[in-house]
Amino acid sequence: MITSKVRQRLQELSNEYYPRVQVIETKAHQFLEYSQAGSHISFTPHGLSHISAVERNYDWLIPDSDLQRIFNASELFCLICATFFHDALMIPRRPDDEKAARDNHIQRAHDFLLKYRDILGLSIHESDAISQVIRGHGVYDLNDIPHRTVLGNEAVDLRKLGACLSLADICHADASRAPEIVFRHLELDETSAFHWRRHFQISGITREEDSILMSALTFSEQGDQAVLEYKEIIERQLEIVRPYFDTILKPIRRVELEQRRLESPLDQTLQFKTNTPEILRILIEGVYDREDVFIRELVQNSLDSCLVRRAKQQKRNASYNPQILLTVYYDYEQDKPRAFRIDDNGIGMDLTDVQDTVVWIGNTISSKPDIVTLLQQTLGKNLIATFGIGLLSCFKSSGSITIRSHKENETPLQFELTSVTDNIKLEKSSDDTIGTTAIVKLSENKIEEFKSEEAIAYYFRKVEQVELKELWLEWDPDLLELSRDDISKIALTEGWNIEPKDYYQPYEHVVEFELYGDDFSGFIWLPKSDMQSVVNFEGSVDILNEGIFVTNEPIIDWLPEHMSFCEAVFNFSSNSISLPAGRDRVIKDEKFRAKKRFIMDKSFGFIDKLVNQTHRKEIEERDFAALVLTYMYSNAEASLRERILKRLDDYKARRYKREERLSLKQLLDYEKVYIQYTQGRVVSELTDLDGKKLYHKEDDFVELQAAMLAQEDSIVISATRHDAEQAILEAALIKAYLASFNNEIIDLTTTNILEGKQRSKPVPNIVRQEVGPVIKFVEVTGLPSKKAWKVGNEVWINLANPSMKGVYKELQQIQYEPDNVIFASVLFKILSYQFDSAIHDLIGIIRQNNTL
C-alpha cells in the first residue's frame, strides 16, 4: 500500500474519501495487470509500477505548504483516482487495436469511467471530473479542459489537478521506468532501444526550490543527446502548466540538468539512499539487540538468493543443490575470532541489484514483482528479506565488509562497505563462480565478546532447505581472498554440516506430537514424566522463521491454557507471521491471531497421543497419561471441554484387580459402571482417646465395595489420582465422559452399596447376644489381608483373614461362662470401634480379678 503525502493528507481531511480510494485502487490494479501488451509493448511501461511512481512524484512536486493550503479533499480524491487511470486505457480491446488504444487512451478513459462507474463506486459527476483531470495530462493548453467543477460543497480546480498530473507523469523518467530485465527480454529495435536506454541513464528527478533538477550518468554521445532531449520534453510540458505553477502553486521556473560522462557502467561511485526517512530513524535508534546478528541477516540474504536461483533452475528443468558455507577465521594464538565469511551459490548480484538492494536502504528484492511472481509460480514461496536493512547489521560488529558477487551472464563485481555514509566504489571481481561472498572483519572492540560457535547454534535451529556448512580456518588475510570455488573444496573435507537441532529425545519424554500447516511445522511435547513437575511447569515455545530462531515465548501465547505445561517449537515459512525489523519477536497482529487459532485447533491432536498412551502396558506410563488428560480437562475452558471429551472414545480404563482394560466407548454398553479410587488424605473423624483424634481411612471401605462387586463380575473401574495442590482425579474425567452420554456411573467413594445387603455367618447365641446384630462375619476372599471394616453402622469381620478365621473358630466353640462372654464382648467392641465401652469392661475385669 502506497503511503504518499497526498494520500496521507486525504486521510486527514476525509474519513469518506480515503477508504473509497483504497477500493478503487484495488480495481485499478486488477485492470492494469493487463497493460503493456500488443504492438506498443516496445514503449516504456505504463502499468502498476508507473502509476505508483507518479503518485510518489507528488511528494516532491507539491510542497507541503501547497498541499496543506490549496487542496481540499475532493481535489485530492480526483487527483489520486486520475493517477490510477491516466494511462490505463492503453490496453487494447482486441488484436490490431494497439495503435488506436494508444492514440485515444485519454478519451477512452473518459468513456470507461462513465460506463463502469458502478463497479468503481463513483458518481457520474466524480467520473466526469476525474476524466477531465486525465485529459489535462494530454493537452497542449490547459484551457482545453473545464476550469472547475463542484463536488458536494467543495470546488474542484480541474486545471490545477491536470497540471500536477501531467508534470508528475513526465518526470517518471529514471531506470525504474524501464526495467533492464524487460529490456533484455524484448530485444527491441534500435529506435525503441534508444528511448529505453535514456531512462537507464537518468539517475533521478526532483524539485529544488523553483527548479526541476535532473541527474544523469551517460556513457556516449548518443546517451548525452537522449538525456538532453528528455530535458527538453520536460521543459515543453512545464510551459504548458506554467500558468498554474506561477500563480496558484509554488512556482517552477526552469529545468536544470546535472550530467556526468563515464567510461563504463562500473565507473561510478554509488551512495546509500533510503526508501523512506523512517528507516534511518529506526537504524539510529537501534534495531538489533545482539552483536552477532549480522550472521543471521547474511545467511537470510543467502537463503533468499538460493531460493531465487532454485526457482529459475526449476523453470529451466535444471538441477540445483543450494549451498551456504559459514567460515570463521580464528586467531588461535590469541584465542579469538578475526573475521566471519558467508559464501552461497545463489543467484548473485549485478550492478542493478547493488543499486536496488544494497545502497538503497529499505529496498529488497522481495519488492520486485518479477521475483515475487517467479517464486509463486514455481515454488509457492516468499522471500525472507522484508526490510532491506539486513546488510547494515554488520556495522554493529565491523567497520569493513567486503562483498564479491557474480550473476549469470553479468560482469563479476566486488566492493567494500565501511560506513552507511561512505561512497561505494565498484570493481571487477576475479571470482567468476555464480553466487555471493560476504566477508565481515570484526572490530577490535568486538572481538573479545564475539562467540562464533554460540552464535551459529543460537540462530540456525532447523535450516533444512539448503546444505548449510560450517568451516573454521586459521586467521590469515590471504585466506580471505580464496574464491568461492576454492573455499568450497576445502569445506568438502574440513567443514561439517550444521544439523537441525534435536529439540527433544523421544526416550526422555512420555509423549510428543507433530503438527503441520501449509506454511508451518511444529512439535509439542511433555518435558518430564513426573506429574508434580507437570503441574508446576510453565512451558515455552521456540519460534523459528525458515528454521532460523526468532524468539522464545510462553506456551500460552500460542496454545490453550490447559496445555500450559507443554514445550513446543514452531517453524514458520517466510511472511506467514509478521516480524519487526529486528526479527526478534512476533508482532501480535491478525496474521498471528489467525495462526494461533489454527495451531490451537491442531493441538487437539495432542489429546489423541495421550489417549494412545493409556494403551501402554506399563502401568506407570499409562497412569501418567491418564492424569495429564485429567489435568488438561479440569483446566480447560468450558467451551473446550466438550471437544476434549469427544476425543476420548479409545481412552483405556483399568478394571479393578484385573489386567483387562476397557475403552470408554466400551463402557457405554454397560447399564452400570462402578468407579473406585483412593481418597488419599481425606479421612473421617471417629472418636477421641486421651485427647487425641483417632481416624479411620475410608479407602478400606471403598476397597471392600470394589472387591465385593468384582467378585460378582460387575464392571468396576480402578482410577488413579495425584495429590498436587489440588487433587487430580482420573475418576473426574471418566465420569465426565460417561455423563456426556447420560450413562450411570456409581462412585464408590461416595456411595454405600453394602450396608444391610450382606448376611453374617452364624455364631453361638451367647456371642450374638453380647455383640448384637451390627457385627457380621463375612468372607471377602479378594482381600485376605484386611481383618475388618466399618460398613455404615455395621462391622464386618473378614473370615478370609487367617487371624479372624481363627477367632471365629474359637467363638463357634465358646461355652456360656461369664469370663468368656465378657472377653468376647470386649473383643467385638474393639472391632466395632466402641472404645469407651470396651475400656469400661476391661477395667471391670481387672477389678474383679484383683478382688479375687
# chains A, B, ... in the order shown; residues from 1 in each chain; ligands from 1
$ residues_around --residues "range 588-600 of chain A" --least-positions-apart "6" --cutoff "10 Å" --atoms "only C-alpha atoms" --output "list of chain:residue names"
A:Leu515, A:Tyr516, A:Gly517, A:Asp519, A:Phe520, A:Ser521, A:Gly522, A:Asp557, A:Trp558, A:Leu559, A:Pro560, A:Met563, A:Phe570, A:Phe572, A:Asn575, A:Ser576, A:Ile577, A:Ser578, A:Leu579
$ residues_around --residues "range 798-805 of chain A" --least-positions-apart "6" --cutoff "10 Å" --atoms "only C-alpha atoms" --output "number ranges by chain"
A: 761, 776-789, 811
$ write_last_selection --atoms "all heavy atoms" --output "CSV table (one decimal), in the first residue's frame"
chain,number,residue,atom,x,y,z
A,761,LYS,N,-22.2,-65.0,58.7
A,761,LYS,CA,-22.1,-66.4,59.0
A,761,LYS,C,-22.5,-66.6,60.5
A,761,LYS,O,-22.4,-65.7,61.3
A,761,LYS,CB,-20.7,-66.9,58.8
A,761,LYS,CG,-20.3,-66.9,57.3
A,761,LYS,CD,-18.9,-67.5,57.1
A,761,LYS,CE,-18.6,-67.6,55.6
A,761,LYS,NZ,-19.3,-68.6,54.9
A,776,LYS,N,-21.0,-58.6,61.8
A,776,LYS,CA,-21.3,-59.6,60.8
A,776,LYS,C,-20.0,-60.3,60.4
A,776,LYS,O,-18.9,-59.7,60.3
A,776,LYS,CB,-21.9,-59.0,59.5
A,776,LYS,CG,-23.3,-58.5,59.7
A,776,LYS,CD,-23.9,-58.0,58.4
A,776,LYS,CE,-25.4,-57.5,58.6
A,776,LYS,NZ,-26.0,-57.1,57.4
A,777,PHE,N,-20.1,-61.6,60.3
A,777,PHE,CA,-19.0,-62.4,59.9
A,777,PHE,C,-19.1,-62.8,58.4
A,777,PHE,O,-20.0,-63.5,58.1
A,777,PHE,CB,-18.9,-63.7,60.8
A,777,PHE,CG,-18.7,-63.3,62.2
A,777,PHE,CD1,-19.8,-63.1,63.1
A,777,PHE,CD2,-17.4,-63.3,62.8
A,777,PHE,CE1,-19.6,-62.8,64.4
A,777,PHE,CE2,-17.3,-63.0,64.1
A,777,PHE,CZ,-18.3,-62.7,64.9
A,778,VAL,N,-18.2,-62.2,57.6
A,778,VAL,CA,-18.3,-62.4,56.1
A,778,VAL,C,-16.9,-62.9,55.7
A,778,VAL,O,-15.9,-62.8,56.4
A,778,VAL,CB,-18.7,-61.1,55.4
A,778,VAL,CG1,-20.1,-60.7,55.9
A,778,VAL,CG2,-17.6,-60.0,55.6
A,779,GLU,N,-16.9,-63.4,54.4
A,779,GLU,CA,-15.6,-63.8,53.8
A,779,GLU,C,-15.4,-63.1,52.5
A,779,GLU,O,-16.1,-63.4,51.5
A,779,GLU,CB,-15.7,-65.3,53.6
A,779,GLU,CG,-14.3,-65.9,53.2
A,779,GLU,CD,-14.3,-67.4,53.1
A,779,GLU,OE1,-15.4,-68.0,53.3
A,779,GLU,OE2,-13.2,-68.0,52.9
A,780,VAL,N,-14.4,-62.2,52.5
A,780,VAL,CA,-14.1,-61.5,51.2
A,780,VAL,C,-12.8,-62.0,50.8
A,780,VAL,O,-11.7,-61.6,51.2
A,780,VAL,CB,-14.0,-59.9,51.5
A,780,VAL,CG1,-13.7,-59.2,50.2
A,780,VAL,CG2,-15.3,-59.4,52.1
A,781,THR,N,-12.8,-63.0,49.9
A,781,THR,CA,-11.6,-63.7,49.5
A,781,THR,C,-10.6,-62.9,48.8
A,781,THR,O,-9.4,-63.2,48.8
A,781,THR,CB,-12.0,-64.9,48.6
A,781,THR,OG1,-12.7,-64.5,47.5
A,781,THR,CG2,-12.9,-65.9,49.4
A,782,GLY,N,-11.1,-61.8,48.1
A,782,GLY,CA,-10.1,-61.0,47.4
A,782,GLY,C,-9.3,-60.1,48.2
A,782,GLY,O,-8.3,-59.5,47.8
A,783,LEU,N,-9.6,-59.9,49.6
A,783,LEU,CA,-8.8,-59.0,50.4
A,783,LEU,C,-8.4,-59.8,51.7
A,783,LEU,O,-8.9,-59.4,52.8
A,783,LEU,CB,-9.7,-57.8,50.8
A,783,LEU,CG,-10.2,-57.0,49.6
A,783,LEU,CD1,-11.2,-55.9,50.1
A,783,LEU,CD2,-9.0,-56.3,48.9
A,784,PRO,N,-7.6,-60.8,51.6
A,784,PRO,CA,-7.3,-61.6,52.8
A,784,PRO,C,-6.5,-60.8,53.9
A,784,PRO,O,-6.4,-61.3,55.0
A,784,PRO,CB,-6.4,-62.8,52.2
A,784,PRO,CG,-5.9,-62.2,51.0
A,784,PRO,CD,-6.9,-61.3,50.4
A,785,SER,N,-5.8,-59.7,53.5
A,785,SER,CA,-5.0,-59.0,54.5
A,785,SER,C,-5.9,-58.1,55.4
A,785,SER,O,-5.4,-57.6,56.4
A,785,SER,CB,-4.0,-58.1,53.8
A,785,SER,OG,-4.6,-57.2,53.0
A,786,LYS,N,-7.1,-57.9,55.0
A,786,LYS,CA,-8.0,-57.0,55.8
A,786,LYS,C,-8.7,-57.8,56.9
A,786,LYS,O,-9.3,-58.9,56.6
A,786,LYS,CB,-9.0,-56.3,54.9
A,786,LYS,CG,-8.4,-55.4,53.8
A,786,LYS,CD,-7.6,-54.2,54.5
A,786,LYS,CE,-7.0,-53.3,53.4
A,786,LYS,NZ,-6.3,-52.2,54.0
A,787,LYS,N,-8.7,-57.3,58.1
A,787,LYS,CA,-9.3,-58.0,59.2
A,787,LYS,C,-10.8,-57.7,59.4
A,787,LYS,O,-11.6,-58.5,59.7
A,787,LYS,CB,-8.6,-57.7,60.5
A,787,LYS,CG,-7.2,-58.3,60.6
A,787,LYS,CD,-6.5,-58.0,61.9
A,787,LYS,CE,-5.2,-58.6,62.1
A,787,LYS,NZ,-4.2,-58.1,61.1
A,788,ALA,N,-11.1,-56.4,59.2
A,788,ALA,CA,-12.5,-55.9,59.5
A,788,ALA,C,-12.7,-54.6,58.8
A,788,ALA,O,-11.8,-53.9,58.5
A,788,ALA,CB,-12.8,-55.9,61.0
A,789,TRP,N,-14.0,-54.3,58.6
A,789,TRP,CA,-14.4,-53.0,58.0
A,789,TRP,C,-15.6,-52.4,58.8
A,789,TRP,O,-16.4,-53.1,59.3
A,789,TRP,CB,-14.8,-53.1,56.6
A,789,TRP,CG,-13.8,-53.6,55.6
A,789,TRP,CD1,-12.8,-52.9,55.0
A,789,TRP,CD2,-13.5,-54.9,55.2
A,789,TRP,NE1,-12.0,-53.6,54.2
A,789,TRP,CE2,-12.4,-54.9,54.3
A,789,TRP,CE3,-14.2,-56.2,55.5
A,789,TRP,CZ2,-11.9,-56.1,53.7
A,789,TRP,CZ3,-13.7,-57.3,54.9
A,789,TRP,CH2,-12.6,-57.3,54.1
A,811,LEU,N,-14.8,-68.9,68.6
A,811,LEU,CA,-16.2,-68.4,69.0
A,811,LEU,C,-17.2,-69.5,68.8
A,811,LEU,O,-18.2,-69.6,69.5
A,811,LEU,CB,-16.5,-67.1,68.3
A,811,LEU,CG,-15.8,-65.9,68.7
A,811,LEU,CD1,-16.1,-64.7,67.8
A,811,LEU,CD2,-16.0,-65.5,70.2
$ closest_residue --among "A:Ala82, A:Asp246, A:Leu167, A:Ile205" --to "Ser127 in chain A" --atoms "only C-alpha atoms"
A:Ala82
$ residues_around --residues "Glu494 in chain A" --least-positions-apart "6" --cutoff "9 Å" --atoms "only C-alpha atoms" --output "VMD selection string"
chain A and resid 470 to 472
$ write_last_selection --atoms "C-alpha atoms" --output "compact mmCIF listing (two decimals), in the first residue's frame"
# COMPACT_ATOMS: atom_id res chain seq x y z
CA GLU A 470 30.48 -24.60 8.95
CA LEU A 471 34.24 -24.23 8.44
CA TRP A 472 36.96 -22.94 10.74
$ select_by_dssp --residues "range 287-412 of chain A" --states "strand (DSSP E)" --output "ChimeraX atom specification"
/A:323-331,336-344,360-361,398-406
$ atom_distance --atom1 "CA of Val511 in chain A" --atom2 "CA of Thr630 in chain A"
15.4 Å
$ residues_around --residues "Arg461 in chain A" --least-positions-apart "6" --cutoff "12 Å" --atoms "only C-alpha atoms" --output "list in words"
Arg296, Glu454, Ala455, Leu468, Ile498, Glu499, Pro500, Lys501, Asp502, Tyr503, Asp542, Ile543, Leu544, Asn545, Glu546, Gly547, Ile548, Phe549, Val550, Thr551, Val569, Phe570 and Asn571 of chain A
$ residues_around --residues "range 615-618 of chain A" --least-positions-apart "4" --cutoff "9 Å" --atoms "only C-alpha atoms" --output "count of residues only"
8
$ residues_around --residues "range 298-308 of chain A" --least-positions-apart "4" --cutoff "8 Å" --atoms "only C-alpha atoms" --output "PyMOL selection string"
chain A and resi 294+312+322-324+342-348+371+375+383-385+390-391+436+438+466
$ write_last_selection --atoms "all heavy atoms" --output "compact mmCIF listing (two decimals), in the first residue's frame"
# COMPACT_ATOMS: atom_id res chain seq x y z
N PHE A 294 24.44 -10.02 12.58
CA PHE A 294 24.76 -9.95 11.16
C PHE A 294 24.89 -11.35 10.55
O PHE A 294 24.63 -11.54 9.35
CB PHE A 294 26.04 -9.14 10.92
CG PHE A 294 27.30 -9.84 11.33
CD1 PHE A 294 27.96 -10.70 10.45
CD2 PHE A 294 27.85 -9.65 12.58
CE1 PHE A 294 29.13 -11.34 10.83
CE2 PHE A 294 29.01 -10.30 12.97
CZ PHE A 294 29.64 -11.15 12.09
N LYS A 312 14.55 -20.32 -10.67
CA LYS A 312 14.97 -20.17 -12.06
C LYS A 312 15.40 -21.51 -12.65
O LYS A 312 15.07 -21.84 -13.80
CB LYS A 312 16.12 -19.15 -12.15
CG LYS A 312 15.68 -17.70 -11.95
CD LYS A 312 16.86 -16.76 -12.09
CE LYS A 312 16.42 -15.31 -11.98
NZ LYS A 312 15.62 -14.89 -13.14
N PRO A 322 21.35 -26.13 -3.54
CA PRO A 322 21.67 -24.88 -2.85
C PRO A 322 22.64 -25.12 -1.69
O PRO A 322 22.45 -26.06 -0.91
CB PRO A 322 20.32 -24.36 -2.36
CG PRO A 322 19.45 -25.57 -2.29
CD PRO A 322 19.92 -26.50 -3.37
N GLN A 323 23.66 -24.27 -1.58
CA GLN A 323 24.69 -24.43 -0.56
C GLN A 323 25.07 -23.10 0.05
O GLN A 323 25.18 -22.08 -0.65
CB GLN A 323 25.94 -25.07 -1.16
CG GLN A 323 25.73 -26.47 -1.72
CD GLN A 323 26.96 -27.02 -2.41
OE1 GLN A 323 27.78 -26.26 -2.92
NE2 GLN A 323 27.10 -28.34 -2.42
N ILE A 324 25.24 -23.11 1.37
CA ILE A 324 25.73 -21.94 2.10
C ILE A 324 26.84 -22.40 3.03
O ILE A 324 26.68 -23.40 3.75
CB ILE A 324 24.60 -21.25 2.90
CG1 ILE A 324 23.48 -20.79 1.96
CG2 ILE A 324 25.14 -20.07 3.68
CD1 ILE A 324 22.27 -20.22 2.69
N ILE A 342 30.62 -15.61 4.70
CA ILE A 342 29.48 -16.40 4.26
C ILE A 342 29.51 -16.47 2.74
O ILE A 342 29.55 -15.45 2.06
CB ILE A 342 28.15 -15.80 4.74
CG1 ILE A 342 28.10 -15.83 6.27
CG2 ILE A 342 26.96 -16.53 4.15
CD1 ILE A 342 26.88 -15.21 6.86
N ASP A 343 29.53 -17.69 2.21
CA ASP A 343 29.50 -17.93 0.77
C ASP A 343 28.23 -18.68 0.40
O ASP A 343 27.80 -19.59 1.12
CB ASP A 343 30.71 -18.77 0.34
CG ASP A 343 32.03 -18.04 0.53
OD1 ASP A 343 32.45 -17.35 -0.40
OD2 ASP A 343 32.62 -18.17 1.63
N ASP A 344 27.64 -18.33 -0.72
CA ASP A 344 26.49 -19.09 -1.22
C ASP A 344 26.62 -19.27 -2.72
O ASP A 344 27.40 -18.58 -3.39
CB ASP A 344 25.17 -18.37 -0.87
CG ASP A 344 24.98 -17.05 -1.59
OD1 ASP A 344 24.93 -17.04 -2.83
OD2 ASP A 344 24.86 -16.00 -0.90
N ASN A 345 25.88 -20.22 -3.24
CA ASN A 345 25.83 -20.43 -4.69
C ASN A 345 24.46 -20.02 -5.22
O ASN A 345 23.86 -20.68 -6.06
CB ASN A 345 26.14 -21.88 -5.05
CG ASN A 345 25.08 -22.85 -4.53
OD1 ASN A 345 24.28 -22.49 -3.65
ND2 ASN A 345 25.07 -24.07 -5.05
N GLY A 346 23.97 -18.89 -4.66
CA GLY A 346 22.66 -18.36 -5.07
C GLY A 346 22.71 -17.63 -6.38
O GLY A 346 23.62 -17.80 -7.20
N ILE A 347 21.75 -16.73 -6.59
CA ILE A 347 21.56 -16.07 -7.88
C ILE A 347 22.64 -15.06 -8.20
O ILE A 347 22.93 -14.76 -9.34
CB ILE A 347 20.17 -15.39 -7.91
CG1 ILE A 347 19.79 -14.99 -9.32
CG2 ILE A 347 20.12 -14.20 -6.97
CD1 ILE A 347 19.53 -16.17 -10.23
N GLY A 348 23.30 -14.50 -7.14
CA GLY A 348 24.31 -13.49 -7.36
C GLY A 348 23.72 -12.11 -7.62
O GLY A 348 22.50 -11.94 -7.72
N ILE A 371 10.30 -11.04 -9.35
CA ILE A 371 10.81 -12.06 -8.42
C ILE A 371 9.66 -12.73 -7.68
O ILE A 371 9.61 -13.96 -7.53
CB ILE A 371 11.80 -11.43 -7.43
CG1 ILE A 371 13.03 -10.88 -8.17
CG2 ILE A 371 12.22 -12.44 -6.37
CD1 ILE A 371 13.88 -11.94 -8.81
N LEU A 375 8.68 -16.78 -7.93
CA LEU A 375 8.67 -17.68 -6.78
C LEU A 375 7.29 -18.30 -6.55
O LEU A 375 7.19 -19.48 -6.23
CB LEU A 375 9.11 -16.92 -5.53
CG LEU A 375 10.58 -16.48 -5.49
CD1 LEU A 375 10.85 -15.63 -4.28
CD2 LEU A 375 11.51 -17.69 -5.50
N LEU A 383 10.14 -14.68 -0.05
CA LEU A 383 11.49 -14.39 0.42
C LEU A 383 11.47 -13.98 1.89
O LEU A 383 10.47 -13.45 2.39
CB LEU A 383 12.12 -13.27 -0.41
CG LEU A 383 12.36 -13.61 -1.89
CD1 LEU A 383 12.83 -12.36 -2.64
CD2 LEU A 383 13.39 -14.70 -2.04
N ILE A 384 12.58 -14.22 2.56
CA ILE A 384 12.70 -13.81 3.97
C ILE A 384 12.86 -12.30 4.05
O ILE A 384 12.28 -11.64 4.90
CB ILE A 384 13.90 -14.51 4.64
CG1 ILE A 384 13.72 -16.02 4.60
CG2 ILE A 384 14.06 -14.04 6.08
CD1 ILE A 384 14.91 -16.81 5.12
N ALA A 385 13.70 -11.74 3.15
CA ALA A 385 14.02 -10.30 3.21
C ALA A 385 12.75 -9.48 3.12
O ALA A 385 11.91 -9.71 2.26
CB ALA A 385 14.97 -9.93 2.07
N GLY A 390 19.21 -5.56 6.35
CA GLY A 390 19.97 -6.64 6.97
C GLY A 390 21.47 -6.47 6.85
O GLY A 390 22.21 -6.71 7.81
N LEU A 391 21.95 -6.04 5.68
CA LEU A 391 23.40 -5.92 5.48
C LEU A 391 23.99 -4.89 6.44
O LEU A 391 25.13 -5.02 6.89
CB LEU A 391 23.69 -5.51 4.03
CG LEU A 391 25.15 -5.47 3.62
CD1 LEU A 391 25.81 -6.82 3.79
CD2 LEU A 391 25.30 -4.99 2.19
N THR A 436 27.49 -15.39 -4.16
CA THR A 436 27.90 -14.18 -3.43
C THR A 436 28.75 -14.57 -2.23
O THR A 436 28.50 -15.59 -1.57
CB THR A 436 26.66 -13.39 -2.96
OG1 THR A 436 25.90 -13.00 -4.10
CG2 THR A 436 27.07 -12.15 -2.17
N ALA A 438 30.31 -12.73 1.34
CA ALA A 438 30.32 -11.59 2.27
C ALA A 438 31.37 -11.86 3.34
O ALA A 438 31.31 -12.89 4.02
CB ALA A 438 28.95 -11.38 2.89
N VAL A 466 18.61 -25.79 2.54
CA VAL A 466 19.90 -25.71 1.85
C VAL A 466 20.89 -26.60 2.59
O VAL A 466 20.66 -27.01 3.72
CB VAL A 466 20.46 -24.26 1.81
CG1 VAL A 466 19.51 -23.31 1.11
CG2 VAL A 466 20.79 -23.77 3.21
$ select_by_dssp --residues "range 44-250 of chain A" --states "helix (DSSP H, G or I)" --output "JSON, numbers by chain"
{"A": [48, 49, 50, 51, 52, 53, 54, 55, 56, 57, 58, 59, 60, 61, 64, 65, 66, 67, 68, 69, 73, 74, 75, 76, 77, 78, 79, 80, 81, 82, 83, 84, 85, 88, 89, 90, 98, 99, 100, 101, 102, 103, 105, 106, 107, 108, 109, 110, 111, 112, 113, 114, 115, 117, 118, 119, 120, 124, 125, 126, 127, 128, 129, 130, 131, 132, 133, 134, 135, 136, 142, 143, 144, 158, 159, 160, 161, 162, 163, 164, 165, 166, 167, 168, 169, 170, 175, 176, 177, 180, 181, 182, 183, 184, 185, 186, 190, 191, 192, 193, 194, 195, 196, 197, 198, 199, 200, 201, 221, 222, 223, 224, 225, 226, 227, 228, 229, 230, 231, 232, 233, 234, 235, 236, 237, 238, 239, 240, 241, 242, 243, 244, 245]}
$ atom_distance --atom1 "CA of Thr247 in chain A" --atom2 "CA of Pro63 in chain A"
14.1 Å
